[in-house]
Amino acid sequence: MMNCLACKAELRPGLRFCTQCGVRLAEEREAKARLIMLSNTSSQSEFELKQRHCYLGRHINNHVVLDDDRISKRHAEIWWNEDAYWIKDLGSRNGVTVNGQVIDGQRKLLNGNLIKLGFTILRFEEQ
């Protein structure tokens with residue numbers, strides 16, 4: 001079984017849309033990467049990147065929900081395109097940095113990169 005990210009309804013595998021709220025469901029695959037929480041007091045310390053497109057932010061509809069007032073509701077996106085993972089800022093107020101450099105547009109992620117959103121620092125790990 002799987003759960004809808006929007007309404008948390010329990011759904012059978014293989015559906016493309018939630019039968020309760022109608023939201024489009026993300027395509028899941030075996031996780032090949034994860035984000036490890038290095039700072040912040042979020043209840044979750046590790047996030048597997050199972051969807052082709054993963055959204056990070058404060059809002060509960062994101063794949064990676066981060067409890068940090070300096071993070072936008074939908075702050076950044078990480079996606080996989082068959083050969084690499086990429087990250088981009090989604091127009092957030094406070095930006096996204098990778099290894100201390102503010103990203104402008106999109107940036108390829110490498111194993112061990114440190115991603116900072118607001119006060120939150122995450123380490124990207126490819127498996």
# chains A, B, ... in the order shown; residues from 1 in each chain; ligands from 1
>>> residues_around(residues="Phe47 (chain A)", least_positions_apart="2", cutoff="8 Å", atoms="only C-alpha atoms", output="ChimeraX atom specification")
/A:34-36,44-45,49,64
>>> residues_around(residues="Leu38 (chain A)", least_positions_apart="2", cutoff="12 Å", atoms="only C-alpha atoms", output="PyMOL selection string")
chain A and resi 35-36+40-42+44-47+112-117+119-124
>>> select_by_dssp(residues="region 34-102 of chain A", states="strand (DSSP E)", output="list in words")
Arg34, Leu35, Ile36, Met37, Glu46, Phe47, Glu48, His53, Cys54, Tyr55, Leu56, Gly57, Val64, Val65, Ala76, Glu77, Ile78, Trp79, Trp80, Tyr85, Trp86, Ile87, Lys88, Asp89, Val96, Thr97, Val98, Gln101 and Val102 of chain A
>>> closest_residue(among="A:Trp86, A:Thr19, A:Ile78, A:Val65", to="Lys50 (chain A)", atoms="only C-alpha atoms")
A:Ile78
>>> residues_around(residues="Glu126 (chain A)", least_positions_apart="5", cutoff="7 Å", atoms="only C-alpha atoms", output="list of chain:residue names")
A:Lys32, A:Ala33, A:Arg34, A:Asn111
